[in-house]
$ cat input-v8.cif   # mmCIF, C-alpha atoms
data_input
#
loop_
_atom_site.label_atom_id
_atom_site.label_comp_id
_atom_site.auth_asym_id
_atom_site.auth_seq_id
_atom_site.Cartn_x
_atom_site.Cartn_y
_atom_site.Cartn_z
CA MET F 275 -43.21 -9.96 74.06
CA LEU F 276 -42.55 -12.35 76.85
CA LEU F 277 -44.14 -12.01 80.14
CA VAL F 278 -41.57 -12.02 82.83
CA ASP F 279 -42.30 -13.32 86.29
CA ALA F 280 -40.82 -11.37 89.05
CA ASP F 281 -39.89 -14.59 90.78
CA GLY F 282 -38.09 -16.22 87.95
CA PRO F 283 -35.91 -13.89 85.98
CA GLU F 284 -33.18 -16.42 85.72
CA PRO F 285 -34.93 -18.98 83.47
CA VAL F 286 -35.96 -16.26 81.07
CA ARG F 287 -32.48 -14.90 80.81
CA SER F 288 -30.95 -18.28 80.19
CA GLY F 289 -33.52 -18.92 77.46
CA ALA F 290 -32.76 -15.57 75.93
CA ARG F 291 -29.06 -16.38 75.94
CA GLU F 292 -29.66 -19.70 74.28
CA LEU F 293 -31.87 -18.07 71.70
CA ALA F 294 -29.24 -15.35 71.06
CA VAL F 295 -26.50 -17.95 70.62
CA PHE F 296 -28.75 -19.92 68.30
CA LEU F 297 -29.70 -16.89 66.19
CA THR F 298 -26.22 -15.32 66.07
CA PRO F 299 -24.48 -16.36 62.83
CA GLU F 300 -21.13 -17.95 62.96
CA PRO F 301 -18.54 -15.20 62.24
CA ARG F 302 -16.00 -17.59 60.74
CA ALA F 303 -18.21 -18.59 57.81
CA GLU F 304 -19.08 -14.98 56.95
CA ALA F 305 -15.48 -13.87 57.28
CA LYS F 306 -14.38 -16.70 54.99
CA GLU F 307 -16.94 -15.67 52.36
CA VAL F 308 -15.84 -12.01 52.56
CA GLU F 309 -12.17 -13.04 52.25
CA GLU F 310 -12.93 -15.16 49.15
CA THR F 311 -14.79 -12.23 47.58
CA ILE F 312 -11.89 -9.89 48.34
CA GLU F 313 -9.40 -12.39 46.88
CA GLY F 314 -11.47 -12.66 43.69
CA MET F 315 -11.64 -8.88 43.38
CA LEU F 316 -7.89 -8.55 43.97
CA LEU F 317 -7.23 -11.18 41.30
CA ARG F 318 -9.43 -9.32 38.81
CA LEU F 319 -7.73 -6.03 39.73
CA GLU F 320 -4.32 -7.61 39.13
CA GLU F 321 -5.48 -8.92 35.71
CA PHE F 322 -6.81 -5.47 34.86
CA CYS F 323 -3.52 -3.83 35.87
CA SER F 324 -1.50 -6.27 33.78
CA LEU F 325 -3.82 -5.65 30.83
CA THR F 326 -3.41 -1.86 31.14
CA ASP F 327 0.38 -2.28 31.40
CA MET F 328 0.34 -4.39 28.24
CA ILE F 329 -1.77 -1.75 26.45
CA ARG F 330 0.62 0.98 27.60
CA SER F 331 3.66 -0.93 26.35
CA ASP F 332 1.95 -1.68 23.02
CA THR F 333 0.98 1.97 22.69
CA SER F 334 4.55 3.03 23.43
CA GLN F 335 5.85 0.57 20.86
CA ILE F 336 3.38 1.87 18.29
CA LEU F 337 4.25 5.49 19.01
CA GLU F 338 8.01 4.96 19.13
CA GLU F 339 8.57 2.30 16.47
CA ASN F 340 5.65 1.71 14.16
CA ILE F 341 4.53 5.29 13.50
CA PRO F 342 7.99 6.42 12.32
CA LEU F 343 8.10 3.36 10.05
CA LEU F 344 4.68 4.24 8.69
CA LYS F 345 5.76 7.85 8.10
CA ALA F 346 8.82 6.62 6.19
CA LYS F 347 6.62 4.34 4.07
CA VAL F 348 4.22 7.21 3.35
CA THR F 349 7.13 9.36 2.19
CA GLU F 350 8.41 6.49 0.08
CA ILE F 351 5.01 5.81 -1.49
CA ARG F 352 4.61 9.51 -2.32
CA GLY F 353 7.82 9.23 -4.33
CA VAL F 354 6.38 6.19 -6.08
CA TYR F 355 3.19 8.10 -6.85
CA THR F 356 5.25 10.93 -8.32
CA LYS F 357 7.16 8.47 -10.51
CA VAL F 358 3.91 6.82 -11.63
CA ASP F 359 2.49 10.23 -12.56
CA GLN F 360 5.64 11.03 -14.54
CA LEU F 361 5.49 7.66 -16.25
CA GLU F 362 1.83 8.19 -17.17
CA ALA F 363 2.71 11.59 -18.66
CA PHE F 364 5.56 9.98 -20.59
CA VAL F 365 3.29 7.22 -21.93
CA ARG F 366 0.73 9.82 -23.06
CA MET F 367 3.49 11.79 -24.81
CA VAL F 368 4.80 8.62 -26.51
CA GLY F 369 1.24 7.77 -27.57
CA ARG F 370 0.88 11.18 -29.19
CA GLN F 371 4.24 10.72 -30.94
CA VAL F 372 3.23 7.26 -32.21
CA ALA F 373 -0.07 8.59 -33.53
CA PHE F 374 1.80 11.44 -35.23
CA LEU F 375 4.30 9.00 -36.78
CA GLU F 376 1.55 6.69 -37.99
CA ALA F 377 -0.16 9.61 -39.72
CA ASP F 378 3.20 10.73 -41.11
CA VAL F 379 3.97 7.23 -42.44
CA LEU F 380 0.55 7.05 -44.11
CA ARG F 381 1.13 10.47 -45.66
CA ALA F 382 4.63 9.44 -46.84
CA GLU F 383 3.30 6.21 -48.34
CA ARG F 384 0.62 8.17 -50.14
CA ASP F 385 3.06 10.83 -51.37
CA HIS F 386 5.96 8.56 -52.26
CA GLY F 387 4.10 5.43 -53.21
CA ALA F 388 3.61 2.34 -51.12
CA PHE F 389 6.22 0.25 -52.93
CA PRO F 390 9.88 1.21 -53.18
CA ARG F 391 11.47 1.48 -56.65
CA ALA F 392 13.53 -1.70 -56.25
CA LEU F 393 10.35 -3.64 -55.54
CA ARG F 394 8.69 -2.08 -58.61
CA ARG F 395 11.63 -3.11 -60.81
CA TRP F 396 11.55 -6.62 -59.45
CA LEU F 397 7.81 -6.87 -60.09
CA GLY F 398 8.34 -5.43 -63.58
CA THR F 399 10.95 -8.08 -64.45
CA ALA F 400 8.83 -10.83 -62.96
CA GLY F 401 6.25 -10.51 -65.65
CA CYS F 402 4.03 -7.72 -64.44
CA PRO F 403 4.78 -5.12 -67.09
CA SER F 404 1.55 -3.27 -66.46
CA PHE F 405 2.74 -2.55 -62.95
CA GLY F 406 5.89 -0.84 -64.17
CA ASN F 407 4.11 1.23 -66.87
CA LYS F 408 2.77 3.72 -64.45
CA PRO F 409 3.09 7.25 -65.74
CA SER F 410 6.06 8.87 -64.16
CA ALA F 411 5.24 11.73 -61.89
CA PRO F 412 7.59 14.41 -60.85
CA ALA F 413 9.89 13.33 -58.07
CA PRO F 414 8.20 14.01 -54.75
CA PRO F 415 10.11 15.98 -52.19
CA THR F 416 12.44 14.02 -49.96
CA TYR F 417 11.07 12.85 -46.67
CA GLU F 418 12.40 14.47 -43.53
CA LEU F 419 12.12 12.61 -40.25
CA PRO F 420 10.26 14.73 -37.67
CA THR F 421 11.92 15.65 -34.42
CA LEU F 422 11.00 13.03 -31.87
CA TYR F 423 11.50 12.65 -28.17
CA ARG F 424 14.58 11.08 -26.67
CA THR F 425 14.02 8.60 -23.88
CA GLU F 426 17.24 9.74 -22.20
CA ASP F 427 15.70 13.19 -21.76
CA HIS F 428 12.86 11.72 -19.69
CA PHE F 429 14.78 8.94 -17.95
CA PRO F 430 18.29 10.24 -17.31
CA VAL F 431 20.98 7.60 -16.94
CA ASP F 432 23.96 8.20 -14.70
CA ASP F 433 27.49 7.44 -15.96
CA ARG F 434 27.91 4.18 -14.02
CA GLU F 435 24.67 2.74 -15.37
CA ALA F 436 25.54 3.84 -18.90
CA GLU F 437 28.84 1.93 -18.67
CA ARG F 438 27.04 -1.24 -17.60
CA ARG F 439 24.73 -1.18 -20.62
CA ALA F 440 25.64 -3.16 -23.66
CA PRO F 441 27.37 -1.22 -26.46
CA SER F 442 24.52 -2.12 -28.82
CA CYS F 443 22.16 -0.06 -26.68
CA ARG F 444 24.21 3.11 -27.07
CA ARG F 445 23.28 5.64 -29.69
CA ARG F 446 25.75 5.99 -32.51
CA PRO F 447 26.59 9.54 -33.69
#
$ encode --input "input-v8.cif" --output "structure tokens"
Amino acid sequence: MLLVDADGPEPVRSGARELAVFLTPEPRAEAKEVEETIEGMLLRLEEFCSLTDMIRSDTSQILEENIPLLKAKVTEIRGVYTKVDQLEAFVRMVGRQVAFLEADVLRAERDHGAFPRALRRWLGTAGCPSFGNKPSAPAPPTYELPTLYRTEDHFPVDDREAERRAPSCRRRP
């Protein structure tokens, strides 16, 4: 604390004023710094708002355009899955039929002989008389073709597609 003379209040006051002016910061520099900070914050706020607007528009586009497209693709792929399942079932059924036919062919070859009669005659005339001297057995029963699947039953063909096919692909009665 300063000691104040009763006779000289004026010099103390003028010194106090000078000291106050010296210690008082310049308001222009502080105001400029605050304005720059506010401008930076406003710029960041504007960038944030534009980013949220872009996210909103992208979300709207996704909800209005992309999701219905995805739903349509899901429905389409479910149809493909159904067709694949049907095709797998068809392939398994054909595999069973092929295995059955192979066993049937082996049985027919065993029952009816592996070589047809014309081939036996030809071998007999070619100098293999022992081949033709096989004891004759009673005539085996005639072979009946088993009932097989028809592809048309599993893969129906409409009339327009049937007309486009070559005549050689059609079944003859």
$ residues_around --input "input-v8.cif" --residues "segment 418-420 of chain F" --least-positions-apart "2" --cutoff "9 Å" --atoms "all atoms listed in the file" --output "list in words"
Leu375, Asp378, Thr416 and Leu422 of chain F
$ atom_distance --input "input-v8.cif" --atom1 "atom CA of Gly369 of chain F" --atom2 "atom CA of Tyr423 of chain F"
11.4 Å
$ atom_distance --input "input-v8.cif" --atom1 "atom CA of Glu426 of chain F" --atom2 "atom CA of Phe364 of chain F"
11.8 Å
$ atom_distance --input "input-v8.cif" --atom1 "atom CA of Arg302 of chain F" --atom2 "atom CA of Ser288 of chain F"
24.5 Å
